[in-house]
file model17.txt (compact mmCIF, C-alpha atoms and all ligand atoms)
# COMPACT_ATOMS: atom_id res chain seq x y z
CA MET A 1 -0.92 43.86 30.79
CA HIS A 2 2.11 44.27 28.57
CA LYS A 3 2.61 41.36 26.25
CA VAL A 4 6.18 40.44 25.46
CA THR A 5 7.25 41.11 21.86
CA SER A 6 9.66 39.32 19.53
CA GLU A 7 11.81 42.45 19.52
CA GLU A 8 12.15 42.37 23.33
CA LEU A 9 12.93 38.68 23.36
CA PHE A 10 15.54 39.17 20.64
CA GLN A 11 17.28 41.86 22.70
CA ARG A 12 17.42 39.41 25.62
CA ALA A 13 18.56 36.57 23.37
CA LEU A 14 21.40 38.68 21.96
CA LYS A 15 22.86 38.84 25.47
CA VAL A 16 22.98 35.09 25.98
CA ALA A 17 23.56 33.50 22.57
CA PRO A 18 25.69 34.51 19.56
CA GLY A 19 23.41 36.53 17.30
CA GLY A 20 20.57 35.61 19.63
CA VAL A 21 20.09 32.18 18.09
CA HIS A 22 21.29 28.58 18.19
CA SER A 23 21.64 28.11 14.44
CA PRO A 24 22.60 31.06 12.19
CA VAL A 25 19.79 31.18 9.63
CA ARG A 26 17.16 31.64 12.35
CA SER A 27 18.42 35.16 13.08
CA PHE A 28 16.87 37.05 10.13
CA LYS A 29 20.33 38.44 9.34
CA GLY A 30 20.17 41.02 6.57
CA LEU A 31 16.39 41.28 6.84
CA ASP A 32 16.43 44.41 8.99
CA ARG A 33 14.16 43.20 11.73
CA ALA A 34 14.18 40.93 14.77
CA PRO A 35 13.29 37.31 14.11
CA VAL A 36 9.75 36.34 15.01
CA PHE A 37 9.71 34.45 18.31
CA PHE A 38 7.28 31.57 18.24
CA LYS A 39 5.55 29.87 21.10
CA GLN A 40 3.44 27.19 19.45
CA ALA A 41 3.06 25.19 16.26
CA GLU A 42 0.35 22.98 14.82
CA GLY A 43 -0.16 21.49 11.37
CA ALA A 44 0.83 24.08 8.79
CA PHE A 45 0.78 26.93 11.30
CA LEU A 46 3.12 28.72 13.66
CA THR A 47 1.93 31.06 16.42
CA SER A 48 4.19 33.92 17.52
CA VAL A 49 4.49 35.34 21.02
CA GLU A 50 2.34 38.22 19.72
CA ASP A 51 -0.41 35.65 19.03
CA LYS A 52 -0.10 36.12 15.29
CA LYS A 53 -0.60 33.00 13.16
CA TYR A 54 1.60 32.21 10.18
CA ILE A 55 1.38 29.62 7.42
CA ASP A 56 4.75 27.89 7.85
CA PHE A 57 6.84 26.95 4.80
CA CYS A 58 10.00 26.45 6.83
CA GLN A 59 8.75 23.42 8.78
CA SER A 60 11.90 23.40 10.87
CA PHE A 61 13.92 23.25 7.60
CA GLY A 62 12.51 19.96 6.46
CA PRO A 63 11.95 17.34 9.17
CA LEU A 64 8.20 17.88 9.48
CA ILE A 65 6.85 16.31 6.30
CA LEU A 66 3.55 15.62 8.07
CA GLY A 67 3.44 19.15 9.50
CA HIS A 68 3.74 20.20 13.12
CA LEU A 69 2.36 18.01 15.89
CA ASP A 70 0.91 15.31 13.67
CA GLN A 71 -1.65 13.42 15.73
CA GLU A 72 -0.30 9.90 15.07
CA VAL A 73 3.29 10.89 15.71
CA LYS A 74 2.22 12.77 18.81
CA GLU A 75 0.50 9.69 20.25
CA GLU A 76 3.56 7.52 19.62
CA VAL A 77 5.83 10.12 21.19
CA HIS A 78 3.57 10.33 24.25
CA ARG A 79 3.62 6.55 24.59
CA MET A 80 7.39 6.51 24.31
CA VAL A 81 7.83 9.32 26.83
CA ASP A 82 5.79 7.22 29.25
CA THR A 83 7.91 4.14 28.49
CA ALA A 84 11.55 5.29 28.41
CA TRP A 85 13.56 8.34 27.38
CA THR A 86 16.92 6.80 26.66
CA PHE A 87 18.59 3.51 27.48
CA GLY A 88 22.24 3.75 26.50
CA ALA A 89 21.81 0.03 25.92
CA ALA A 90 20.47 -2.34 23.29
CA GLU A 91 16.72 -1.83 22.77
CA VAL A 92 13.96 -2.75 20.36
CA TYR A 93 13.01 0.72 19.03
CA SER A 94 16.04 1.40 16.86
CA LEU A 95 15.92 -2.21 15.68
CA GLU A 96 12.41 -1.69 14.34
CA LEU A 97 13.33 1.49 12.43
CA ALA A 98 16.55 -0.10 11.13
CA GLU A 99 14.68 -3.21 9.95
CA TRP A 100 12.01 -1.10 8.31
CA ILE A 101 14.59 1.00 6.43
CA THR A 102 16.82 -1.89 5.35
CA SER A 103 13.86 -3.97 4.18
CA THR A 104 12.27 -1.03 2.31
CA LEU A 105 15.44 0.39 0.76
CA PRO A 106 17.61 -2.44 -0.60
CA PHE A 107 20.69 -0.20 -0.99
CA MET A 108 20.68 0.32 2.78
CA GLU A 109 22.14 -3.04 3.71
CA LYS A 110 23.36 -1.87 7.09
CA LEU A 111 23.10 1.41 8.94
CA ARG A 112 24.01 3.30 12.09
CA PHE A 113 21.84 5.94 13.78
CA VAL A 114 23.37 9.17 15.05
CA SER A 115 21.84 12.43 16.31
CA SER A 116 22.17 14.87 13.40
CA GLY A 117 22.85 15.15 9.70
CA THR A 118 26.25 16.67 10.40
CA GLU A 119 27.21 13.66 12.48
CA ALA A 120 26.02 11.26 9.78
CA VAL A 121 28.17 13.00 7.15
CA MET A 122 31.21 13.17 9.42
CA SER A 123 30.96 9.46 10.13
CA ALA A 124 30.43 8.48 6.50
CA LEU A 125 33.58 10.39 5.53
CA ARG A 126 35.55 8.50 8.18
CA VAL A 127 34.38 5.17 6.78
CA ALA A 128 35.24 6.24 3.24
CA ARG A 129 38.76 7.23 4.27
CA ALA A 130 39.28 4.01 6.15
CA ALA A 131 37.96 1.92 3.28
CA THR A 132 40.11 3.55 0.61
CA GLY A 133 43.21 4.49 2.59
CA ARG A 134 42.93 7.92 0.94
CA ASN A 135 42.41 11.32 2.57
CA LYS A 136 40.81 13.69 0.09
CA ILE A 137 37.10 14.33 -0.19
CA LEU A 138 35.53 15.93 -3.24
CA LYS A 139 32.52 18.17 -2.72
CA PHE A 140 30.55 20.47 -4.99
CA GLU A 141 30.23 24.22 -4.74
CA GLY A 142 26.71 25.02 -3.56
CA CYS A 143 26.18 21.75 -1.68
CA TYR A 144 25.85 21.85 2.10
CA HIS A 145 26.73 18.87 4.24
CA GLY A 146 26.43 20.22 7.76
CA HIS A 147 29.16 21.99 9.71
CA VAL A 148 31.87 19.34 9.41
CA ASP A 149 35.30 21.11 9.33
CA ASN A 150 36.32 19.35 6.16
CA LEU A 151 33.27 20.44 4.22
CA LEU A 152 32.94 24.06 5.32
CA VAL A 153 34.96 25.01 2.29
CA LYS A 154 34.62 26.93 -0.93
CA ALA A 155 36.57 26.82 -4.15
CA GLY A 156 40.01 28.33 -3.59
CA SER A 157 41.29 31.05 -5.88
CA GLY A 158 44.44 29.18 -6.86
CA LEU A 159 44.66 25.74 -8.37
CA ALA A 160 41.43 24.41 -9.83
CA GLY A 161 39.84 22.12 -7.33
CA THR A 162 41.72 23.25 -4.24
CA ALA A 163 39.57 24.33 -1.35
CA ALA A 164 39.77 27.27 1.05
CA SER A 165 37.87 27.19 4.32
CA SER A 166 34.62 29.14 4.38
CA SER A 167 34.57 29.43 8.18
CA ALA A 168 37.06 30.81 10.66
CA GLY A 169 38.57 28.21 12.95
CA ILE A 170 39.33 25.61 10.30
CA PRO A 171 43.03 24.87 9.76
CA ALA A 172 44.24 25.33 6.19
CA GLU A 173 45.60 21.77 6.41
CA VAL A 174 42.08 20.49 7.04
CA ALA A 175 40.53 22.54 4.22
CA ALA A 176 43.29 21.27 1.94
CA GLN A 177 41.95 17.75 2.37
CA THR A 178 38.88 18.82 0.41
CA VAL A 179 38.65 19.28 -3.31
CA VAL A 180 35.85 21.49 -4.65
CA ALA A 181 34.24 21.20 -8.07
CA PRO A 182 31.36 23.14 -9.62
CA LEU A 183 27.99 21.45 -10.06
CA ASN A 184 26.63 20.76 -13.53
CA ASP A 185 30.05 20.62 -15.22
CA GLU A 186 31.20 17.20 -16.41
CA ALA A 187 34.35 18.54 -18.10
CA LYS A 188 35.59 20.30 -14.97
CA LEU A 189 34.89 17.23 -12.88
CA ALA A 190 36.83 15.02 -15.28
CA GLU A 191 39.73 17.48 -15.06
CA VAL A 192 39.73 17.39 -11.26
CA PHE A 193 39.66 13.59 -11.30
CA ALA A 194 42.45 13.44 -13.87
CA ALA A 195 44.65 15.53 -11.57
CA GLN A 196 43.70 14.15 -8.15
CA GLY A 197 41.53 11.07 -8.68
CA LYS A 198 43.94 8.64 -7.04
CA ASP A 199 43.83 10.66 -3.80
CA ILE A 200 40.06 11.04 -3.59
CA ALA A 201 38.54 8.78 -0.93
CA ALA A 202 35.01 9.86 -1.67
CA VAL A 203 32.80 12.24 -3.57
CA ILE A 204 29.98 13.62 -1.48
CA ILE A 205 27.02 15.24 -3.22
CA GLU A 206 23.52 16.37 -2.47
CA PRO A 207 21.91 14.54 -5.41
CA LEU A 208 19.24 17.23 -5.25
CA PRO A 209 21.15 20.28 -4.01
CA ALA A 210 18.64 22.18 -1.86
CA ASN A 211 20.70 24.27 0.51
CA TYR A 212 21.76 27.03 -1.89
CA GLY A 213 18.51 27.50 -3.67
CA LEU A 214 17.24 24.45 -5.49
CA LEU A 215 19.93 23.45 -7.99
CA VAL A 216 18.38 20.58 -9.93
CA GLN A 217 21.11 18.50 -11.59
CA ARG A 218 20.87 16.86 -14.99
CA PRO A 219 20.76 13.05 -14.69
CA GLU A 220 23.77 12.88 -17.07
CA PHE A 221 25.82 14.92 -14.64
CA LEU A 222 24.95 12.67 -11.70
CA ARG A 223 25.76 9.61 -13.82
CA LYS A 224 29.12 11.14 -14.71
CA VAL A 225 29.85 11.66 -11.01
CA ALA A 226 29.09 7.98 -10.35
CA GLU A 227 31.12 6.85 -13.35
CA LEU A 228 34.20 8.85 -12.36
CA CYS A 229 34.00 7.50 -8.81
CA GLU A 230 33.84 3.97 -10.11
CA LYS A 231 36.78 4.49 -12.48
CA ASN A 232 38.98 6.09 -9.84
CA GLY A 233 38.17 3.82 -6.94
CA SER A 234 36.56 6.68 -5.00
CA LEU A 235 33.43 6.01 -2.98
CA LEU A 236 30.22 7.83 -3.81
CA ILE A 237 28.27 9.31 -0.89
CA PHE A 238 24.76 10.63 -1.50
CA ASP A 239 23.94 13.18 1.18
CA GLU A 240 20.19 12.76 1.36
CA VAL A 241 19.70 14.60 4.63
CA ILE A 242 17.25 16.94 2.89
CA SER A 243 16.14 14.87 -0.14
CA GLY A 244 15.82 11.53 1.67
CA PHE A 245 12.18 10.60 2.41
CA ARG A 246 11.30 14.01 0.88
CA VAL A 247 11.35 13.44 -2.89
CA GLY A 248 9.98 9.94 -2.40
CA LEU A 249 10.42 6.94 -0.14
CA GLY A 250 13.69 5.95 -1.79
CA GLY A 251 14.93 9.52 -2.16
CA MET A 252 17.26 10.43 -5.00
CA VAL A 253 18.77 6.94 -5.03
CA GLU A 254 15.44 5.67 -6.29
CA LYS A 255 14.82 8.66 -8.60
CA THR A 256 18.21 8.49 -10.30
CA GLY A 257 18.76 4.74 -10.25
CA ILE A 258 22.33 5.44 -9.14
CA ARG A 259 23.61 3.25 -6.37
CA PRO A 260 25.94 5.13 -4.04
CA ASP A 261 28.29 3.33 -1.65
CA LEU A 262 27.01 5.25 1.37
CA VAL A 263 23.97 7.41 2.04
CA THR A 264 23.40 9.94 4.83
CA TYR A 265 20.00 10.87 6.24
CA GLY A 266 18.66 13.33 8.78
CA LYS A 267 15.67 15.64 9.05
CA ILE A 268 12.57 13.55 8.13
CA ILE A 269 14.08 10.32 9.47
CA GLY A 270 13.55 11.61 13.03
CA GLY A 271 10.03 12.95 12.47
CA GLY A 272 10.97 16.23 14.18
CA PHE A 273 13.41 14.82 16.75
CA PRO A 274 17.22 14.78 16.49
CA VAL A 275 18.08 11.72 14.40
CA GLY A 276 20.66 11.17 11.70
CA CYS A 277 21.70 7.99 9.95
CA TYR A 278 24.43 6.73 7.66
CA GLY A 279 24.50 3.43 5.90
CA GLY A 280 24.79 1.54 2.64
CA LYS A 281 26.97 -1.36 1.60
CA ALA A 282 27.37 -3.92 4.39
CA GLU A 283 31.07 -4.45 3.71
CA LEU A 284 31.65 -0.74 4.38
CA MET A 285 29.37 -0.51 7.41
CA ASN A 286 31.05 -3.59 8.89
CA MET A 287 34.15 -1.42 9.23
CA VAL A 288 32.39 0.61 11.96
CA ALA A 289 33.08 -0.17 15.64
CA PRO A 290 32.51 -2.49 17.36
CA SER A 291 32.51 -4.84 14.33
CA GLY A 292 35.38 -2.91 12.72
CA ASP A 293 37.98 -0.35 13.70
CA VAL A 294 36.37 2.90 12.49
CA TYR A 295 35.33 4.43 15.79
CA GLN A 296 31.97 6.18 16.03
CA ALA A 297 29.66 6.42 19.03
CA GLY A 298 26.92 8.52 20.68
CA THR A 299 25.42 8.77 24.17
CA LEU A 300 21.96 9.57 22.85
CA SER A 301 22.30 7.83 19.46
CA ALA A 302 19.14 6.05 18.30
CA ASN A 303 17.14 7.90 20.92
CA PRO A 304 13.87 5.98 21.27
CA ILE A 305 11.61 9.04 20.98
CA GLY A 306 13.23 9.99 17.67
CA MET A 307 13.12 6.36 16.50
CA ARG A 308 9.38 6.17 17.21
CA ALA A 309 8.61 9.59 15.69
CA GLY A 310 10.64 8.67 12.58
CA LEU A 311 9.09 5.27 12.03
CA THR A 312 5.56 6.56 12.59
CA THR A 313 6.17 9.42 10.14
CA LEU A 314 7.58 7.15 7.44
CA LYS A 315 4.88 4.51 7.77
CA LYS A 316 2.15 7.13 7.67
CA MET A 317 3.64 8.71 4.53
CA GLN A 318 3.78 5.28 2.91
CA ARG A 319 0.20 4.44 3.91
CA LEU A 320 -1.17 7.74 2.57
CA ASP A 321 0.89 7.65 -0.64
CA GLY A 322 2.07 10.93 0.85
CA TRP A 323 4.90 11.60 -1.58
CA ASN A 324 2.54 11.57 -4.56
CA VAL A 325 -0.04 13.66 -2.78
CA LEU A 326 2.56 16.25 -1.81
CA GLU A 327 4.16 16.38 -5.23
CA LYS A 328 0.81 17.10 -6.91
CA ARG A 329 -0.16 19.73 -4.36
CA THR A 330 3.19 21.48 -4.54
CA GLU A 331 3.25 21.40 -8.33
CA LYS A 332 -0.13 23.12 -8.38
CA PHE A 333 1.04 25.63 -5.78
CA ALA A 334 4.12 26.45 -7.86
CA GLN A 335 1.94 26.83 -10.98
CA THR A 336 -0.38 29.22 -9.14
CA LEU A 337 2.61 31.28 -8.03
CA LYS A 338 4.14 31.31 -11.51
CA SER A 339 0.97 32.36 -13.28
CA GLY A 340 0.32 34.96 -10.57
CA PHE A 341 3.80 36.42 -11.04
CA ALA A 342 3.37 36.37 -14.83
CA LYS A 343 -0.04 38.09 -14.69
CA LYS A 344 1.49 40.94 -12.73
CA GLY A 345 4.42 41.13 -15.11
CA LEU A 346 6.88 40.19 -12.37
CA ASN A 347 10.25 38.84 -13.31
CA LEU A 348 9.99 35.90 -10.89
CA GLU A 349 10.28 32.16 -11.31
CA VAL A 350 9.60 29.15 -9.09
CA SER A 351 11.79 26.05 -9.09
CA GLN A 352 10.00 23.05 -7.63
CA VAL A 353 10.79 19.39 -7.06
CA ALA A 354 8.43 17.18 -5.07
CA SER A 355 7.43 19.22 -1.99
CA LEU A 356 10.37 21.63 -2.22
CA PHE A 357 10.12 25.03 -3.87
CA TRP A 358 12.37 28.03 -4.36
CA ILE A 359 11.38 31.49 -5.60
CA HIS A 360 13.98 33.40 -7.59
CA GLY A 361 14.43 35.88 -10.42
CA GLN A 362 13.90 34.68 -13.98
CA THR A 363 16.95 33.31 -15.77
CA PRO A 364 17.51 32.30 -19.40
CA ALA A 365 18.12 28.66 -18.39
CA PRO A 366 17.29 26.50 -15.35
CA ILE A 367 19.59 27.30 -12.42
CA ARG A 368 21.90 24.33 -11.82
CA SER A 369 24.97 25.95 -10.29
CA ILE A 370 25.52 28.88 -7.95
CA ASP A 371 26.99 31.17 -10.62
CA GLN A 372 23.63 31.06 -12.44
CA ILE A 373 21.73 32.55 -9.49
CA PRO A 374 20.62 36.13 -10.29
CA GLN A 375 22.77 38.81 -8.62
CA ASN A 376 19.79 40.50 -6.98
CA GLN A 377 18.44 37.34 -5.30
CA GLY A 378 19.03 38.77 -1.81
CA GLY A 379 17.15 42.00 -2.51
CA THR A 380 14.29 40.28 -4.34
CA PHE A 381 13.84 37.85 -1.49
CA LYS A 382 14.03 40.43 1.29
CA ASN A 383 11.09 42.38 -0.08
CA LEU A 384 9.06 39.23 -0.75
CA PHE A 385 9.85 37.72 2.64
CA LEU A 386 9.02 40.79 4.74
CA LYS A 387 5.69 41.50 3.01
CA SER A 388 4.68 37.83 3.12
CA LEU A 389 5.55 37.72 6.80
CA ASN A 390 3.45 40.77 7.44
CA ASN A 391 0.49 39.05 5.80
CA GLY A 392 0.89 35.78 7.64
CA VAL A 393 3.22 33.61 5.54
CA TYR A 394 6.49 32.45 7.10
CA LEU A 395 9.05 31.51 4.45
CA ALA A 396 12.47 30.21 5.52
CA PRO A 397 14.22 33.50 6.38
CA ASN A 398 16.99 33.42 3.79
CA ALA A 399 17.12 33.99 0.04
CA TYR A 400 18.92 30.70 -0.55
CA GLU A 401 16.75 28.41 1.57
CA VAL A 402 14.02 26.36 -0.08
CA GLY A 403 10.40 26.19 1.07
CA PHE A 404 8.88 22.98 2.41
CA VAL A 405 5.29 21.87 1.89
CA SER A 406 3.89 19.36 4.40
CA MET A 407 0.89 17.05 4.43
CA ALA A 408 -0.77 19.60 6.71
CA HIS A 409 -0.81 22.19 3.91
CA SER A 410 -4.20 21.67 2.26
CA GLU A 411 -4.84 22.79 -1.32
CA GLU A 412 -7.03 25.61 -0.02
CA LEU A 413 -4.35 26.79 2.35
CA LEU A 414 -1.75 26.66 -0.43
CA ASP A 415 -4.02 28.79 -2.64
CA GLN A 416 -4.41 31.28 0.15
CA ALA A 417 -0.64 31.36 0.74
CA ALA A 418 0.04 31.75 -2.98
CA GLN A 419 -2.18 34.84 -3.13
CA ILE A 420 -0.33 36.38 -0.20
CA ILE A 421 3.07 35.69 -1.77
CA ILE A 422 2.00 37.01 -5.19
CA GLU A 423 0.70 40.18 -3.59
CA ALA A 424 3.91 40.52 -1.58
CA ALA A 425 5.99 40.20 -4.72
CA GLU A 426 4.50 43.28 -6.37
C1 LIG A 501 20.50 19.82 6.98
C2 LIG A 501 21.57 19.15 6.21
C3 LIG A 501 22.74 18.65 6.82
C4 LIG A 501 23.04 18.88 8.27
O1 LIG A 501 22.13 18.26 9.11
P1 LIG A 501 22.03 18.79 10.63
O2 LIG A 501 21.02 17.87 11.24
O3 LIG A 501 21.59 20.20 10.55
O4 LIG A 501 23.37 18.63 11.24
C5 LIG A 501 23.62 17.95 6.04
N1 LIG A 501 23.41 17.75 4.73
C6 LIG A 501 22.32 18.21 4.11
C7 LIG A 501 22.11 17.91 2.66
C8 LIG A 501 21.36 18.94 4.82
O5 LIG A 501 20.29 19.42 4.18
call {"tool": "encode", "arguments": {"input": "model17.txt", "output": "structure tokens"}}
result
Amino acid sequence: MHKVTSEELFQRALKVAPGGVHSPVRSFKGLDRAPVFFKQAEGAFLTSVEDKKYIDFCQSFGPLILGHLDQEVKEEVHRMVDTAWTFGAAEVYSLELAEWITSTLPFMEKLRFVSSGTEAVMSALRVARAATGRNKILKFEGCYHGHVDNLLVKAGSGLAGTAASSSAGIPAEVAAQTVVAPLNDEAKLAEVFAAQGKDIAAVIIEPLPANYGLLVQRPEFLRKVAELCEKNGSLLIFDEVISGFRVGLGGMVEKTGIRPDLVTYGKIIGGGFPVGCYGGKAELMNMVAPSGDVYQAGTLSANPIGMRAGLTTLKKMQRLDGWNVLEKRTEKFAQTLKSGFAKKGLNLEVSQVASLFWIHGQTPAPIRSIDQIPQNQGGTFKNLFLKSLNNGVYLAPNAYEVGFVSMAHSEELLDQAAQIIIEAAE
């Protein structure tokens, strides 16, 4: 009997969805082959429709810190599915997750659950504008904050700090509400604030930028961002959709000791289900409807299955000291890769923070802004990705996406994966 192939499915998918996918990076664009179509996932593994097994370092782009189909999460989800799917009414499940978060993370005085990271960011910006009576938002080049109109922008070619939209369909007037500054550059940031500080409602930053490679910021830079916000009466929003509950229980807020006004979460907080969250200072969150007049709502917000999956994931990570375990394992994995690359005389480097890693060409200094990324990153990655894939390792299919290690990736499995990647890099 003929078994369906990924290539055949992709041809069908191209007829019914733009680019054959429901989120762009899944399409393998620029990689000269159809994306692998998967049918099953478990632990650290994905199984394709061709019945090929892959070690998965994409992990759905971050939510699955325990790996696919974690047994404890699965049991909770099954229980919840048998209890209720959605209420559209007050219930106990979101209360439990909200109480757990606010009692564990003191900077989260009050919060609101939504259904995606994008929604969390969009809502946080609305609060910041209402709170300050200002319109402009400052973002950094190389940070991703979801597909909010306002933030799909890049640095414009004209005036320093003025943004141009990076997507069609965004009015110039909307893009003009955003100010863009480079990462890792205190002087430039001070300049932008000197010119426009009084109009800036909020600065939004990925405190660990991980959507354009892994652009680790110097603590002094992050402190400067906080200081300039404070001085200018602009709110500081940490977008921890990727770093939250990934670099540690308290995310980058805990790691940096910087207290932002608002924080956004997504990914891990839903344990693999669609959950986002924004929160922070109570006085700001009290501005949100129905207690205040910043409107924000959602039919499926705080969906009980996501609430249960999220809480079970977070409690399990806490119980297992998961963040420490993962950091050690990933550090060793990165070391194995680096020494493997070095032994073969390959000009490759691995950036790693906690359970995130990014493979890139060697550079004279650590990469902290997008202009420091080697020119040939796309080509280097394509070769590495395709050969790794062939030998059973699934990296996130884009040169600028980071890899995610989960609790389901054992040391042995990581060693095995490292050998495959090193071989692929030759
Ligand atoms: C993934 C991500 C988002 C968007 O979240 P979605 O759930 O995909 O809408 C926003 N900000 C950061 C930092 C992210 O990593």
call {"tool": "residues_near_point", "arguments": {"input": "model17.txt", "point": "(11.5, 38.1, 1.2)", "cutoff": "10 Å", "atoms": "all atoms listed in the file", "output": "PyMOL selection string"}}
result
chain A and resi 31+359+377-389+394-399+421+424-425
call {"tool": "residues_near_ligand", "arguments": {"input": "model17.txt", "ligand": "ligand LIG 501 (chain A)", "cutoff": "6 Å", "atoms": "only C-alpha atoms and all ligand atoms", "output": "list in words"}}
result
Ser116, Gly117, Thr118, Tyr144, His145, Gly146, Glu206, Asp239, Glu240, Val241, Ile242 and Gly266 of chain A
call {"tool": "closest_residue", "arguments": {"input": "model17.txt", "among": "A:Lys281, A:Arg223, A:Lys343, A:His68", "to": "Arg112 (chain A)", "atoms": "all atoms listed in the file"}}
result
A:Lys281
call {"tool": "closest_atom_pairs", "arguments": {"input": "model17.txt", "of": "region 63-84 of chain A", "to": "region 297-312 of chain A", "cutoff": "8 Å", "atoms": "only C-alpha atoms", "output": "Markdown table"}}
result
| residue | atom | partner | partner_atom | distance |
| --- | --- | --- | --- | --- |
| A:Glu72 | CA | A:Thr312 | CA | 7.2 |
| A:Val73 | CA | A:Ala309 | CA | 5.5 |
| A:Lys74 | CA | A:Ala309 | CA | 7.8 |
| A:Glu76 | CA | A:Arg308 | CA | 6.4 |
| A:Val77 | CA | A:Ile305 | CA | 5.9 |
| A:Met80 | CA | A:Ile305 | CA | 5.9 |
| A:Val81 | CA | A:Ile305 | CA | 7.0 |
| A:Ala84 | CA | A:Pro304 | CA | 7.5 |
call {"tool": "residues_near_point", "arguments": {"input": "model17.txt", "point": "(0.6, 31.7, 9.7)", "cutoff": "12 Å", "atoms": "all atoms listed in the file", "output": "VMD selection string"}}
result
chain A and resid 36 38 40 to 48 51 to 59 388 to 395 409 413 to 414 416 to 417 420
call {"tool": "axis_aligned_box", "arguments": {"input": "model17.txt", "around": "region 388-393 of chain A", "padding_each_side": "3 Å", "output": "AutoDock Vina command-line options"}}
result
--center_x 3.0 --center_y 37.2 --center_z 5.4 --size_x 11.1 --size_y 13.2 --size_z 10.5
call {"tool": "atom_distance", "arguments": {"input": "model17.txt", "atom1": "CA of Phe193 (chain A)", "atom2": "CA of Lys231 (chain A)"}}
result
9.6 Å
call {"tool": "residues_around", "arguments": {"input": "model17.txt", "residues": "region 180-187 of chain A", "least_positions_apart": "3", "cutoff": "7 Å", "atoms": "all atoms listed in the file", "output": "list in words"}}
result
Leu138, Lys139, Phe140, Glu141, Lys154, Ala155, Gly161, Thr162, Ala163, Ala190, Glu191, Gln217, Phe221, Lys224, Arg368 and Ser369 of chain A
call {"tool": "closest_residue", "arguments": {"input": "model17.txt", "among": "A:Glu96, A:Asn135, A:Asn211, A:Thr178", "to": "Val153 (chain A)", "atoms": "all atoms listed in the file"}}
result
A:Thr178
call {"tool": "closest_residue", "arguments": {"input": "model17.txt", "among": "A:Ala354, A:Leu97, A:Val179, A:Ile137", "to": "Ile269 (chain A)", "atoms": "all atoms listed in the file"}}
result
A:Leu97
call {"tool": "residues_around", "arguments": {"input": "model17.txt", "residues": "Gly322 (chain A)", "least_positions_apart": "4", "cutoff": "9 Å", "atoms": "all atoms listed in the file", "output": "list in words"}}
result
Leu66, Gly248, Lys316, Met317, Gln318, Leu326, Glu327 and Met407 of chain A
call {"tool": "write_last_selection", "arguments": {"input": "model17.txt", "atoms": "C-alpha atoms", "output": "short mmCIF file (atom, residue, chain, number, x, y, z; two decimals), keeping the file's coordinate frame"}}
result
data_model
loop_
_atom_site.label_atom_id
_atom_site.label_comp_id
_atom_site.auth_asym_id
_atom_site.auth_seq_id
_atom_site.Cartn_x
_atom_site.Cartn_y
_atom_site.Cartn_z
CA LEU A 66 3.55 15.62 8.07
CA GLY A 248 9.98 9.94 -2.40
CA LYS A 316 2.15 7.13 7.67
CA MET A 317 3.64 8.71 4.53
CA GLN A 318 3.78 5.28 2.91
CA LEU A 326 2.56 16.25 -1.81
CA GLU A 327 4.16 16.38 -5.23
CA MET A 407 0.89 17.05 4.43
#
call {"tool": "atom_distance", "arguments": {"input": "model17.txt", "atom1": "CA of Thr256 (chain A)", "atom2": "CA of Tyr212 (chain A)"}}
result
20.7 Å
call {"tool": "closest_residue", "arguments": {"input": "model17.txt", "among": "A:Leu346, A:Ala201, A:Ala289, A:Ala34", "to": "Ala130 (chain A)", "atoms": "only C-alpha atoms"}}
result
A:Ala201
call {"tool": "atom_distance", "arguments": {"input": "model17.txt", "atom1": "CA of Gly403 (chain A)", "atom2": "CA of Phe357 (chain A)"}}
result
5.1 Å
call {"tool": "residues_around", "arguments": {"input": "model17.txt", "residues": "Leu249 (chain A)", "least_positions_apart": "5", "cutoff": "10 Å", "atoms": "only C-alpha atoms", "output": "PyMOL selection string"}}
result
chain A and resi 101+104-105+243-244+254-255+314-315+317-318+321-323
